[in-house]
>>> print(open('target_27.pdb').read())   # PDB, C-alpha atoms and all ligand atoms
MODEL        1
ATOM      1  CA  MET A 739     176.275  42.492 152.297
ATOM      2  CA  THR A 740     173.870  43.229 155.173
ATOM      3  CA  PRO A 741     171.081  45.521 153.974
ATOM      4  CA  ALA A 742     170.872  48.982 155.549
ATOM      5  CA  ARG A 743     168.340  49.412 158.299
ATOM      6  CA  VAL A 744     167.131  52.318 160.407
ATOM      7  CA  LEU A 745     165.364  52.825 163.684
ATOM      8  CA  ALA A 746     162.048  54.655 163.391
ATOM      9  CA  VAL A 747     159.764  56.049 166.065
ATOM     10  CA  ASP A 748     156.256  57.494 165.797
ATOM     11  CA  VAL A 749     155.296  59.754 168.709
ATOM     12  CA  GLY A 750     151.565  60.353 169.075
ATOM     13  CA  GLY A 751     149.310  61.709 171.802
ATOM     14  CA  THR A 752     147.851  58.291 172.621
ATOM     15  CA  LYS A 753     150.461  55.817 171.337
ATOM     16  CA  LEU A 754     154.223  55.505 170.914
ATOM     17  CA  ALA A 755     155.506  53.060 168.280
ATOM     18  CA  ALA A 756     159.066  52.140 167.326
ATOM     19  CA  ALA A 757     160.557  49.716 164.820
ATOM     20  CA  VAL A 758     163.595  48.543 162.936
ATOM     21  CA  VAL A 759     162.874  49.156 159.256
ATOM     22  CA  SER A 760     164.931  47.698 156.416
ATOM     23  CA  ALA A 761     165.760  49.602 153.237
ATOM     24  CA  ASP A 762     163.267  47.376 151.391
ATOM     25  CA  GLY A 763     160.475  48.579 153.718
ATOM     26  CA  THR A 764     160.109  45.412 155.781
ATOM     27  CA  ILE A 765     159.729  45.743 159.567
ATOM     28  CA  PRO A 766     161.683  42.957 161.300
ATOM     29  CA  ALA A 767     161.240  44.281 164.866
ATOM     30  CA  ARG A 768     158.731  46.574 166.513
ATOM     31  CA  ALA A 769     157.232  47.653 169.844
ATOM     32  CA  GLU A 770     154.400  49.859 170.986
ATOM     33  CA  VAL A 771     153.230  51.431 174.241
ATOM     34  CA  GLY A 772     150.624  53.964 175.403
ATOM     35  CA  THR A 773     151.804  57.576 175.740
ATOM     36  CA  PRO A 774     152.157  58.496 179.436
ATOM     37  CA  THR A 775     149.811  61.270 180.469
ATOM     38  CA  SER A 776     152.310  62.717 182.977
ATOM     39  CA  ALA A 777     152.874  66.472 183.059
ATOM     40  CA  ASP A 778     156.586  65.777 183.608
ATOM     41  CA  PRO A 779     158.397  66.069 180.255
ATOM     42  CA  SER A 780     161.069  63.577 181.329
ATOM     43  CA  VAL A 781     158.455  60.860 182.000
ATOM     44  CA  VAL A 782     157.173  60.978 178.404
ATOM     45  CA  ALA A 783     160.745  61.210 177.087
ATOM     46  CA  GLY A 784     161.758  58.251 179.266
ATOM     47  CA  ALA A 785     158.946  56.149 177.749
ATOM     48  CA  VAL A 786     160.097  56.953 174.183
ATOM     49  CA  ARG A 787     163.728  56.236 175.067
ATOM     50  CA  GLN A 788     162.778  52.946 176.774
ATOM     51  CA  LEU A 789     160.719  51.864 173.760
ATOM     52  CA  LEU A 790     163.657  52.523 171.403
ATOM     53  CA  ASP A 791     166.043  50.703 173.762
ATOM     54  CA  ASP A 792     163.629  47.721 173.812
ATOM     55  CA  VAL A 793     163.455  47.575 170.006
ATOM     56  CA  LEU A 794     167.223  47.920 169.783
ATOM     57  CA  ALA A 795     167.695  45.066 172.297
ATOM     58  CA  THR A 796     165.305  42.833 170.300
ATOM     59  CA  ALA A 797     167.150  43.724 167.102
ATOM     60  CA  THR A 798     170.536  43.006 168.695
ATOM     61  CA  SER A 799     169.384  39.615 169.983
ATOM     62  CA  ARG A 800     168.240  38.666 166.473
ATOM     63  CA  GLY A 801     171.397  39.953 164.789
ATOM     64  CA  LEU A 802     169.525  42.827 163.131
ATOM     65  CA  ALA A 803     171.284  45.748 164.785
ATOM     66  CA  GLU A 804     174.212  45.760 162.348
ATOM     67  CA  CYS A 805     174.029  48.415 159.680
ATOM     68  CA  LEU A 806     171.594  50.690 161.541
ATOM     69  CA  VAL A 807     172.397  53.861 159.615
ATOM     70  CA  GLY A 808     170.103  56.407 161.255
ATOM     71  CA  LEU A 809     167.101  57.295 163.379
ATOM     72  CA  GLY A 810     163.844  58.651 161.927
ATOM     73  CA  ILE A 811     161.494  60.464 164.308
ATOM     74  CA  GLY A 812     157.890  61.230 163.378
ATOM     75  CA  SER A 813     156.031  63.322 165.928
ATOM     76  CA  ALA A 814     152.689  64.988 166.374
ATOM     77  CA  GLY A 815     153.114  68.709 165.878
ATOM     78  CA  PRO A 816     153.603  71.513 165.704
ATOM     79  CA  LEU A 817     157.360  71.087 165.621
ATOM     80  CA  ASP A 818     160.614  72.696 164.524
ATOM     81  CA  PRO A 819     162.663  70.161 162.552
ATOM     82  CA  VAL A 820     165.674  72.505 162.325
ATOM     83  CA  ALA A 821     165.875  73.060 166.088
ATOM     84  CA  GLY A 822     164.753  69.462 166.666
ATOM     85  CA  THR A 823     161.994  70.519 169.063
ATOM     86  CA  VAL A 824     158.337  69.456 169.327
ATOM     87  CA  SER A 825     155.205  70.905 170.973
ATOM     88  CA  PRO A 826     152.496  68.294 170.285
ATOM     89  CA  VAL A 827     148.965  69.569 170.932
ATOM     90  CA  ASN A 828     148.075  66.266 172.639
ATOM     91  CA  ILE A 829     151.275  65.994 174.751
ATOM     92  CA  PRO A 830     151.005  69.089 176.959
ATOM     93  CA  ALA A 831     154.161  68.129 178.918
ATOM     94  CA  TRP A 832     156.243  68.929 175.820
ATOM     95  CA  ARG A 833     156.472  72.536 174.709
ATOM     96  CA  GLY A 834     159.563  73.299 172.643
ATOM     97  CA  PHE A 835     160.850  69.930 173.849
ATOM     98  CA  PRO A 836     164.311  68.989 172.418
ATOM     99  CA  LEU A 837     163.260  65.519 171.221
ATOM    100  CA  VAL A 838     166.082  65.060 168.706
ATOM    101  CA  ASP A 839     168.807  65.868 171.266
ATOM    102  CA  VAL A 840     167.171  63.513 173.779
ATOM    103  CA  LEU A 841     166.985  60.585 171.310
ATOM    104  CA  ARG A 842     170.247  61.116 169.397
ATOM    105  CA  PRO A 843     172.307  59.084 171.942
ATOM    106  CA  VAL A 844     170.287  55.962 170.993
ATOM    107  CA  LEU A 845     172.409  55.724 167.813
ATOM    108  CA  PRO A 846     175.523  57.809 168.487
ATOM    109  CA  GLY A 847     177.303  59.252 165.454
ATOM    110  CA  ARG A 848     174.461  58.544 163.049
ATOM    111  CA  PRO A 849     171.912  61.014 161.676
ATOM    112  CA  ALA A 850     168.659  61.614 163.572
ATOM    113  CA  VAL A 851     165.904  63.316 161.572
ATOM    114  CA  LEU A 852     162.573  64.734 162.717
ATOM    115  CA  ALA A 853     159.377  65.372 160.735
ATOM    116  CA  GLY A 854     155.686  65.796 161.475
ATOM    117  CA  ASP A 855     153.613  62.623 161.794
ATOM    118  CA  GLY A 856     151.358  63.674 158.880
ATOM    119  CA  ASN A 857     154.370  64.181 156.625
ATOM    120  CA  CYS A 858     155.728  60.787 157.680
ATOM    121  CA  MET A 859     152.343  59.129 156.999
ATOM    122  CA  ALA A 860     152.230  60.649 153.489
ATOM    123  CA  LEU A 861     155.778  59.555 152.707
ATOM    124  CA  GLY A 862     155.128  56.073 154.118
ATOM    125  CA  GLU A 863     152.072  55.706 151.865
ATOM    126  CA  TYR A 864     154.061  56.987 148.914
ATOM    127  CA  TRP A 865     156.873  54.506 149.539
ATOM    128  CA  ARG A 866     155.027  51.355 150.566
ATOM    129  CA  GLY A 867     151.318  51.989 149.905
ATOM    130  CA  LYS A 868     149.317  51.546 146.723
ATOM    131  CA  ALA A 869     149.716  55.093 145.349
ATOM    132  CA  GLY A 870     151.445  55.664 142.032
ATOM    133  CA  PRO A 871     154.438  58.011 141.644
ATOM    134  CA  GLY A 872     153.788  61.731 141.595
ATOM    135  CA  THR A 873     151.948  64.078 143.918
ATOM    136  CA  LEU A 874     150.157  62.736 146.970
ATOM    137  CA  LEU A 875     148.233  64.105 149.930
ATOM    138  CA  GLY A 876     148.148  61.833 152.964
ATOM    139  CA  MET A 877     145.403  62.478 155.533
ATOM    140  CA  VAL A 878     145.055  61.066 159.027
ATOM    141  CA  VAL A 879     141.470  61.398 160.235
ATOM    142  CA  SER A 880     141.423  60.600 163.918
ATOM    143  CA  THR A 881     141.345  62.646 167.152
ATOM    144  CA  GLY A 882     142.433  65.479 164.868
ATOM    145  CA  VAL A 883     142.841  65.709 161.105
ATOM    146  CA  GLY A 884     146.515  65.665 160.093
ATOM    147  CA  GLY A 885     148.246  65.369 156.786
ATOM    148  CA  GLY A 886     151.303  65.635 154.635
ATOM    149  CA  LEU A 887     152.288  66.251 151.029
ATOM    150  CA  VAL A 888     154.590  64.409 148.660
ATOM    151  CA  LEU A 889     155.155  66.707 145.681
ATOM    152  CA  ASP A 890     156.867  65.323 142.578
ATOM    153  CA  GLY A 891     158.216  62.434 144.603
ATOM    154  CA  ARG A 892     159.644  64.449 147.504
ATOM    155  CA  VAL A 893     158.040  65.036 150.881
ATOM    156  CA  TYR A 894     157.236  68.753 151.121
ATOM    157  CA  LEU A 895     157.972  70.171 154.577
ATOM    158  CA  GLY A 896     157.428  73.869 153.886
ATOM    159  CA  GLY A 897     159.087  76.947 155.344
ATOM    160  CA  THR A 898     159.111  75.781 158.969
ATOM    161  CA  GLY A 899     158.561  72.040 158.517
ATOM    162  CA  ASN A 900     154.817  72.210 159.139
ATOM    163  CA  ALA A 901     153.361  71.898 155.615
ATOM    164  CA  GLY A 902     150.441  69.572 155.021
ATOM    165  CA  HIS A 903     148.085  70.640 157.831
ATOM    166  CA  VAL A 904     145.056  69.905 155.645
ATOM    167  CA  GLY A 905     142.900  69.602 158.770
ATOM    168  CA  HIS A 906     143.252  73.358 159.167
ATOM    169  CA  VAL A 907     142.108  74.338 155.708
ATOM    170  CA  VAL A 908     139.050  76.537 156.321
ATOM    171  CA  VAL A 909     135.927  75.066 154.705
ATOM    172  CA  ASP A 910     133.165  76.931 156.600
ATOM    173  CA  LEU A 911     133.512  80.705 156.928
ATOM    174  CA  ASP A 912     130.944  80.755 159.755
ATOM    175  CA  GLY A 913     132.012  77.460 161.321
ATOM    176  CA  ASP A 914     132.985  76.498 164.855
ATOM    177  CA  LYS A 915     136.147  77.781 166.522
ATOM    178  CA  CYS A 916     139.075  75.405 166.014
ATOM    179  CA  ALA A 917     141.766  74.380 168.530
ATOM    180  CA  CYS A 918     144.305  76.053 166.193
ATOM    181  CA  GLY A 919     142.670  79.446 166.783
ATOM    182  CA  SER A 920     140.936  79.645 163.408
ATOM    183  CA  ARG A 921     137.300  78.947 162.505
ATOM    184  CA  GLY A 922     135.540  76.378 160.336
ATOM    185  CA  CYS A 923     138.619  74.193 159.711
ATOM    186  CA  VAL A 924     138.134  70.687 158.242
ATOM    187  CA  GLU A 925     139.031  69.374 161.702
ATOM    188  CA  THR A 926     136.029  71.115 163.311
ATOM    189  CA  MET A 927     133.720  68.821 161.301
ATOM    190  CA  ALA A 928     135.721  65.702 160.480
ATOM    191  CA  SER A 929     137.723  64.816 163.594
ATOM    192  CA  GLY A 930     136.249  62.030 165.729
ATOM    193  CA  PRO A 931     135.547  64.248 168.773
ATOM    194  CA  SER A 932     133.967  67.019 166.641
ATOM    195  CA  MET A 933     131.647  64.484 164.953
ATOM    196  CA  VAL A 934     130.646  63.011 168.306
ATOM    197  CA  ARG A 935     129.978  66.509 169.708
ATOM    198  CA  TRP A 936     127.833  67.464 166.720
ATOM    199  CA  ALA A 937     125.834  64.225 166.801
ATOM    200  CA  ALA A 938     125.255  64.511 170.560
ATOM    201  CA  ALA A 939     123.942  68.054 170.094
ATOM    202  CA  HIS A 940     121.522  66.733 167.450
ATOM    203  CA  GLY A 941     119.908  63.893 169.351
ATOM    204  CA  TRP A 942     122.464  61.058 169.294
ATOM    205  CA  SER A 943     123.349  59.268 172.522
ATOM    206  CA  THR A 944     124.591  55.867 173.635
ATOM    207  CA  MET A 945     123.256  53.515 176.273
ATOM    208  CA  ASP A 946     124.736  53.724 179.788
ATOM    209  CA  GLY A 947     128.241  52.300 179.876
ATOM    210  CA  VAL A 948     128.721  52.494 176.104
ATOM    211  CA  PRO A 949     131.341  55.112 175.200
ATOM    212  CA  ALA A 950     130.184  57.948 172.961
ATOM    213  CA  ASP A 951     133.099  57.887 170.536
ATOM    214  CA  ALA A 952     133.734  57.786 166.792
ATOM    215  CA  ARG A 953     133.517  53.996 166.731
ATOM    216  CA  THR A 954     130.074  53.787 168.336
ATOM    217  CA  LEU A 955     128.962  56.730 166.190
ATOM    218  CA  ALA A 956     129.973  54.755 163.083
ATOM    219  CA  LEU A 957     128.037  51.690 164.292
ATOM    220  CA  ASP A 958     124.896  53.786 164.795
ATOM    221  CA  ALA A 959     125.358  55.539 161.450
ATOM    222  CA  ARG A 960     125.414  52.118 159.771
ATOM    223  CA  ARG A 961     122.221  51.211 161.650
ATOM    224  CA  GLY A 962     120.612  54.332 160.203
ATOM    225  CA  HIS A 963     120.521  56.702 163.177
ATOM    226  CA  PRO A 964     119.762  60.062 161.479
ATOM    227  CA  ALA A 965     122.097  62.273 163.572
ATOM    228  CA  ALA A 966     124.934  59.734 163.369
ATOM    229  CA  ARG A 967     124.539  59.475 159.588
ATOM    230  CA  GLU A 968     124.413  63.247 159.256
ATOM    231  CA  ALA A 969     127.610  63.610 161.330
ATOM    232  CA  PHE A 970     129.422  61.337 158.841
ATOM    233  CA  GLN A 971     127.896  63.187 155.892
ATOM    234  CA  ARG A 972     129.179  66.515 157.261
ATOM    235  CA  ALA A 973     132.609  64.960 157.871
ATOM    236  CA  GLY A 974     132.706  63.516 154.343
ATOM    237  CA  LYS A 975     131.764  66.899 152.882
ATOM    238  CA  ALA A 976     134.386  68.720 154.966
ATOM    239  CA  LEU A 977     137.089  66.248 153.920
ATOM    240  CA  ALA A 978     136.029  66.551 150.270
ATOM    241  CA  ALA A 979     136.187  70.355 150.488
ATOM    242  CA  GLY A 980     139.688  70.122 151.964
ATOM    243  CA  ILE A 981     140.780  67.683 149.272
ATOM    244  CA  VAL A 982     139.372  69.807 146.445
ATOM    245  CA  SER A 983     141.107  72.900 147.860
ATOM    246  CA  ALA A 984     144.437  71.073 148.138
ATOM    247  CA  ALA A 985     144.041  69.585 144.649
ATOM    248  CA  ALA A 986     143.298  73.005 143.138
ATOM    249  CA  LEU A 987     146.431  74.368 144.815
ATOM    250  CA  VAL A 988     149.037  71.691 144.045
ATOM    251  CA  ASP A 989     147.441  69.506 141.292
ATOM    252  CA  LEU A 990     147.285  66.248 143.264
ATOM    253  CA  ASP A 991     147.433  62.775 141.725
ATOM    254  CA  GLU A 992     146.428  60.811 144.820
ATOM    255  CA  VAL A 993     144.856  61.221 148.236
ATOM    256  CA  VAL A 994     145.292  58.445 150.795
ATOM    257  CA  ILE A 995     143.184  58.595 153.952
ATOM    258  CA  GLY A 996     144.079  56.753 157.153
ATOM    259  CA  GLY A 997     143.313  57.093 160.859
ATOM    260  CA  GLY A 998     140.658  55.647 163.147
ATOM    261  CA  VAL A 999     137.711  57.622 161.733
ATOM    262  CA  ALA A1000     138.615  56.474 158.193
ATOM    263  CA  GLY A1001     138.235  52.925 159.557
ATOM    264  CA  ALA A1002     134.472  53.587 159.601
ATOM    265  CA  GLY A1003     134.573  52.752 155.879
ATOM    266  CA  GLU A1004     131.701  53.422 153.477
ATOM    267  CA  VAL A1005     129.624  55.341 155.988
ATOM    268  CA  LEU A1006     132.310  58.043 155.601
ATOM    269  CA  PHE A1007     133.607  57.368 152.085
ATOM    270  CA  GLU A1008     130.235  57.335 150.322
ATOM    271  CA  PRO A1009     129.323  60.920 151.309
ATOM    272  CA  LEU A1010     132.962  61.910 150.732
ATOM    273  CA  ARG A1011     132.848  60.658 147.123
ATOM    274  CA  MET A1012     129.467  62.309 146.516
ATOM    275  CA  ALA A1013     130.774  65.631 147.817
ATOM    276  CA  LEU A1014     133.951  65.287 145.721
ATOM    277  CA  ALA A1015     131.818  64.812 142.612
ATOM    278  CA  GLU A1016     129.875  67.930 143.553
ATOM    279  CA  PHE A1017     132.803  70.200 144.534
ATOM    280  CA  ALA A1018     135.459  69.203 141.984
ATOM    281  CA  GLY A1019     135.093  71.391 138.902
ATOM    282  CA  PHE A1020     138.281  71.420 136.854
ATOM    283  CA  ASP A1021     139.254  68.210 135.057
ATOM    284  CA  PHE A1022     142.619  68.242 136.870
ATOM    285  CA  VAL A1023     140.779  68.253 140.202
ATOM    286  CA  ARG A1024     138.205  65.643 139.124
ATOM    287  CA  ARG A1025     140.961  63.171 138.213
ATOM    288  CA  VAL A1026     142.311  62.907 141.803
ATOM    289  CA  ARG A1027     142.230  59.323 143.078
ATOM    290  CA  VAL A1028     141.048  59.006 146.694
ATOM    291  CA  SER A1029     141.615  55.761 148.591
ATOM    292  CA  ARG A1030     141.863  54.329 152.079
ATOM    293  CA  SER A1031     145.281  53.636 153.596
ATOM    294  CA  VAL A1032     146.416  50.042 153.197
ATOM    295  CA  LEU A1033     149.271  50.480 155.696
ATOM    296  CA  GLY A1034     147.293  51.657 158.738
ATOM    297  CA  GLY A1035     149.496  52.673 161.651
ATOM    298  CA  ASP A1036     152.685  51.515 159.899
ATOM    299  CA  ALA A1037     152.611  54.411 157.421
ATOM    300  CA  GLY A1038     154.056  56.899 159.941
ATOM    301  CA  LEU A1039     156.873  54.552 160.977
ATOM    302  CA  LEU A1040     157.733  53.787 157.341
ATOM    303  CA  GLY A1041     157.803  57.491 156.438
ATOM    304  CA  ALA A1042     160.091  58.305 159.384
ATOM    305  CA  ALA A1043     162.307  55.409 158.265
ATOM    306  CA  ALA A1044     162.390  56.687 154.670
ATOM    307  CA  LEU A1045     163.587  60.104 155.902
ATOM    308  CA  ALA A1046     166.305  58.472 158.012
ATOM    309  CA  LEU A1047     167.429  56.380 155.018
ATOM    310  CA  ASP A1048     167.429  59.572 152.926
ATOM    311  CA  SER A1049     169.644  61.370 155.425
ATOM    312  CA  ALA A1050     172.061  58.427 155.329
ATOM    313  CA  GLY A1051     172.234  58.782 151.532
ATOM    314  CA  ILE A1052     169.927  55.858 150.716
ATOM    315  CA  THR A1053     166.841  56.794 148.680
ATOM    316  CA  ALA A1054     164.445  53.966 149.364
ATOM    317  CA  TYR A1055     161.399  55.265 147.499
ATOM    318  CA  ARG A1056     160.960  56.043 143.845
ATOM    319  CA  SER A1057     161.137  59.628 142.750
ATOM    320  CA  ALA A1058     158.601  61.094 140.358
ATOM    321  CA  ALA A1059     158.488  59.956 136.767
ATOM    322  CA  PRO A1060     159.803  62.647 134.413
ATOM    323  CA  ARG A1061     157.024  64.848 133.089
TER     324      ARG A1061
HETATM  325 ZN    ZN A1101     142.146  74.721 162.716
ENDMDL
END
>>> encode(input="target_27.pdb", output="structure tokens", more="lines below")
Ligand SMILES: [Zn+2]
Amino acid sequence: MTPARVLAVDVGGTKLAAAVVSADGTIPARAEVGTPTSADPSVVAGAVRQLLDDVLATATSRGLAECLVGLGIGSAGPLDPVAGTVSPVNIPAWRGFPLVDVLRPVLPGRPAVLAGDGNCMALGEYWRGKAGPGTLLGMVVSTGVGGGLVLDGRVYLGGTGNAGHVGHVVVDLDGDKCACGSRGCVETMASGPSMVRWAAAHGWSTMDGVPADARTLALDARRGHPAAREAFQRAGKALAAGIVSAAALVDLDEVVIGGGVAGAGEVLFEPLRMALAEFAGFDFVRRVRVSRSVLGGDAGLLGAAALALDSAGITAYRSAAPR
């Protein structure tokens, strides 16, 4: 019997990715393209549709298109999974955009499910990453700080489908204003752009022609530039405060951190671990395991695929062990 497969798409502000994903979590076909910056909603939608059509054509030519049982859509948020609409902060052309209705014709008659990209990342890590069964927080530390929760083996979407926004946990009562409208959120200290802004205001700069971004900031932090190092220390502390808050609230087993800024490695994770040791008081908070994503950009696609398999009645990932 041909194993079940799904189509999955991950819609981000800078990149669109799509893939055929098998029920065993392998990815036999995939494609990726930059997100158009057009203000015309149909241009961005056309790029997503084209990408899915391309993956479908590749799958068909390789005999993989049989048994495609559903479409999983992960998108930057906020979004409304019931209405099937998205309003990604970094895709201004889409406000209340009916993404599910636009993509449903790609696989007529089969379920199409939508969830936030942070939720998909968390579920992808839970399914195919190194985390054990139980309760997991996935974090994506990049242009923003996103996240998602898997509680007792099920992705937790919350009242409106937007649960898991760990980047908007407030960790500094007197902190900077955040794009969300709040103040002192994790994201105001730990997103790539916020770290670069802080370092630049404290004496860090790059040579002419060298971009001032999170990657060059990480290089200079490793070389010992004081402001660059301090920017990573603040980010590590902010992430640790967010993790400790989330762990106190839902008794986490695991935290998996992905995204471009997490790629900086020890320059971020060393201060993060030190701050965790300082902030975590209760034994149940101290026991949380924190690790780097082993799946990278695939986690979001895999999570979207797992949701599509779920909606087709195929539970690909293990549920929680009985307690
Ligand atoms: Zn915020």
>>> residues_near_ligand(input="target_27.pdb", ligand="ligand ZN 1101 (chain A)", cutoff="10 Å", atoms="all atoms listed in the file", output="list in words")
Gly882, Val883, His903, Val904, Gly905, His906, Val907, Val908, Asp914, Lys915, Cys916, Ala917, Cys918, Gly919, Ser920, Arg921, Gly922, Cys923, Val924, Glu925 and Thr926 of chain A
>>> resolve_selection(input="target_27.pdb", expression="the PyMOL selection byres (((chain A and resi 967-977) around 8) and not hetatm)", output="VMD selection string")
chain A and resid 909 924 927 to 929 933 to 934 936 to 937 956 958 to 960 962 to 966 978 to 981 1005 to 1011 1013 to 1014
>>> atom_distance(input="target_27.pdb", atom1="atom CA of A:Cys858", atom2="atom CA of A:Ala795")
24.6 Å
>>> residues_around(input="target_27.pdb", residues="A:Phe1022", least_positions_apart="4", cutoff="9 Å", atoms="only C-alpha atoms", output="list in words")
Ala985, Ala986, Asp989, Leu990, Asp991, Ala1018 and Val1026 of chain A
>>> residues_around(input="target_27.pdb", residues="stretch 843-854 of chain A", least_positions_apart="2", cutoff="9 Å", atoms="only C-alpha atoms", output="mmCIF file with C-alpha atoms, in the frame of the given file")
data_model
loop_
_atom_site.group_PDB
_atom_site.id
_atom_site.type_symbol
_atom_site.label_atom_id
_atom_site.label_comp_id
_atom_site.auth_asym_id
_atom_site.auth_seq_id
_atom_site.Cartn_x
_atom_site.Cartn_y
_atom_site.Cartn_z
ATOM 1 C CA LEU A 745 165.364 52.825 163.684
ATOM 2 C CA ARG A 787 163.728 56.236 175.067
ATOM 3 C CA LEU A 790 163.657 52.523 171.403
ATOM 4 C CA ASP A 791 166.043 50.703 173.762
ATOM 5 C CA LEU A 794 167.223 47.920 169.783
ATOM 6 C CA LEU A 806 171.594 50.690 161.541
ATOM 7 C CA VAL A 807 172.397 53.861 159.615
ATOM 8 C CA GLY A 808 170.103 56.407 161.255
ATOM 9 C CA LEU A 809 167.101 57.295 163.379
ATOM 10 C CA GLY A 810 163.844 58.651 161.927
ATOM 11 C CA ILE A 811 161.494 60.464 164.308
ATOM 12 C CA GLY A 812 157.890 61.230 163.378
ATOM 13 C CA SER A 813 156.031 63.322 165.928
ATOM 14 C CA ALA A 814 152.689 64.988 166.374
ATOM 15 C CA GLY A 815 153.114 68.709 165.878
ATOM 16 C CA PRO A 816 153.603 71.513 165.704
ATOM 17 C CA LEU A 817 157.360 71.087 165.621
ATOM 18 C CA ASP A 818 160.614 72.696 164.524
ATOM 19 C CA PRO A 819 162.663 70.161 162.552
ATOM 20 C CA VAL A 820 165.674 72.505 162.325
ATOM 21 C CA GLY A 822 164.753 69.462 166.666
ATOM 22 C CA THR A 823 161.994 70.519 169.063
ATOM 23 C CA LEU A 837 163.260 65.519 171.221
ATOM 24 C CA VAL A 838 166.082 65.060 168.706
ATOM 25 C CA ASP A 839 168.807 65.868 171.266
ATOM 26 C CA VAL A 840 167.171 63.513 173.779
ATOM 27 C CA LEU A 841 166.985 60.585 171.310
ATOM 28 C CA GLY A 856 151.358 63.674 158.880
ATOM 29 C CA ASN A 857 154.370 64.181 156.625
ATOM 30 C CA CYS A 858 155.728 60.787 157.680
ATOM 31 C CA MET A 859 152.343 59.129 156.999
ATOM 32 C CA GLY A 885 148.246 65.369 156.786
ATOM 33 C CA GLY A 886 151.303 65.635 154.635
ATOM 34 C CA LEU A 895 157.972 70.171 154.577
ATOM 35 C CA GLY A 899 158.561 72.040 158.517
ATOM 36 C CA ASN A 900 154.817 72.210 159.139
ATOM 37 C CA ALA A 901 153.361 71.898 155.615
ATOM 38 C CA ALA A 1042 160.091 58.305 159.384
ATOM 39 C CA LEU A 1045 163.587 60.104 155.902
ATOM 40 C CA ALA A 1046 166.305 58.472 158.012
ATOM 41 C CA SER A 1049 169.644 61.370 155.425
ATOM 42 C CA ALA A 1050 172.061 58.427 155.329
#
>>> resolve_selection(input="target_27.pdb", expression="the PyMOL selection byres (((chain A and resi 879) around 7) and not hetatm)", output="list in words")
Met877, Val878, Ser880, Gly882, Val883, Gly884, Ser929, Gly996, Gly997, Gly998, Val999 and Ala1000 of chain A
>>> residues_around(input="target_27.pdb", residues="A:Gly801", least_positions_apart="6", cutoff="12 Å", atoms="all atoms listed in the file", output="ChimeraX atom specification")
/A:740,743,758,766-767,794-795
>>> atom_distance(input="target_27.pdb", atom1="atom CA of A:Val994", atom2="atom CA of A:Tyr894")
15.8 Å
>>> atom_distance(input="target_27.pdb", atom1="atom CA of A:Ala984", atom2="atom CA of A:Asp910")
15.3 Å
>>> resolve_selection(input="target_27.pdb", expression="the PyMOL selection byres (((chain A and resi 1032) around 12) and not hetatm)", output="NGL selection string")
:A and (859 or 862-869 or 876 or 994-997 or 1000-1001 or 1029-1031 or 1033-1037)
>>> write_last_selection(input="target_27.pdb", atoms="C-alpha atoms", output="PDB file, in the frame of the given file")
ATOM      1  CA  MET A 859     152.343  59.129 156.999  1.00  0.00           C
ATOM      2  CA  GLY A 862     155.128  56.073 154.118  1.00  0.00           C
ATOM      3  CA  GLU A 863     152.072  55.706 151.865  1.00  0.00           C
ATOM      4  CA  TYR A 864     154.061  56.987 148.914  1.00  0.00           C
ATOM      5  CA  TRP A 865     156.873  54.506 149.539  1.00  0.00           C
ATOM      6  CA  ARG A 866     155.027  51.355 150.566  1.00  0.00           C
ATOM      7  CA  GLY A 867     151.318  51.989 149.905  1.00  0.00           C
ATOM      8  CA  LYS A 868     149.317  51.546 146.723  1.00  0.00           C
ATOM      9  CA  ALA A 869     149.716  55.093 145.349  1.00  0.00           C
ATOM     10  CA  GLY A 876     148.148  61.833 152.964  1.00  0.00           C
ATOM     11  CA  VAL A 994     145.292  58.445 150.795  1.00  0.00           C
ATOM     12  CA  ILE A 995     143.184  58.595 153.952  1.00  0.00           C
ATOM     13  CA  GLY A 996     144.079  56.753 157.153  1.00  0.00           C
ATOM     14  CA  GLY A 997     143.313  57.093 160.859  1.00  0.00           C
ATOM     15  CA  ALA A1000     138.615  56.474 158.193  1.00  0.00           C
ATOM     16  CA  GLY A1001     138.235  52.925 159.557  1.00  0.00           C
ATOM     17  CA  SER A1029     141.615  55.761 148.591  1.00  0.00           C
ATOM     18  CA  ARG A1030     141.863  54.329 152.079  1.00  0.00           C
ATOM     19  CA  SER A1031     145.281  53.636 153.596  1.00  0.00           C
ATOM     20  CA  LEU A1033     149.271  50.480 155.696  1.00  0.00           C
ATOM     21  CA  GLY A1034     147.293  51.657 158.738  1.00  0.00           C
ATOM     22  CA  GLY A1035     149.496  52.673 161.651  1.00  0.00           C
ATOM     23  CA  ASP A1036     152.685  51.515 159.899  1.00  0.00           C
ATOM     24  CA  ALA A1037     152.611  54.411 157.421  1.00  0.00           C
TER      25      ALA A1037
END
>>> closest_residue(input="target_27.pdb", among="A:Thr898, A:Ser780, A:Thr944, A:Thr773", to="A:Asp748", atoms="only C-alpha atoms")
A:Thr773
>>> closest_residue(input="target_27.pdb", among="A:Cys805, A:Ala860, A:Ala769, A:Val982", to="A:Val744", atoms="only C-alpha atoms")
A:Cys805
>>> closest_residue(input="target_27.pdb", among="A:Ala742, A:Gly913, A:Met945, A:Ala950", to="A:Pro931", atoms="only C-alpha atoms")
A:Ala950
>>> axis_aligned_box(input="target_27.pdb", around="stretch 795-806 of chain A", padding_each_side="4 Å", output="JSON")
{"center_x": 169.8, "center_y": 44.7, "center_z": 166.0, "size_x": 16.9, "size_y": 20.0, "size_z": 20.6}
>>> residues_around(input="target_27.pdb", residues="A:Pro774", least_positions_apart="5", cutoff="10 Å", atoms="all atoms listed in the file", output="list in words")
Gly751, Thr752, Lys753, Leu754, Pro779, Val781, Val782, Ala783, Gly784, Ala785, Val786, Ile829 and Ala831 of chain A
>>> closest_residue(input="target_27.pdb", among="A:Leu955, A:Val993, A:Ala821, A:Leu911", to="A:Leu887", atoms="all atoms listed in the file")
A:Val993
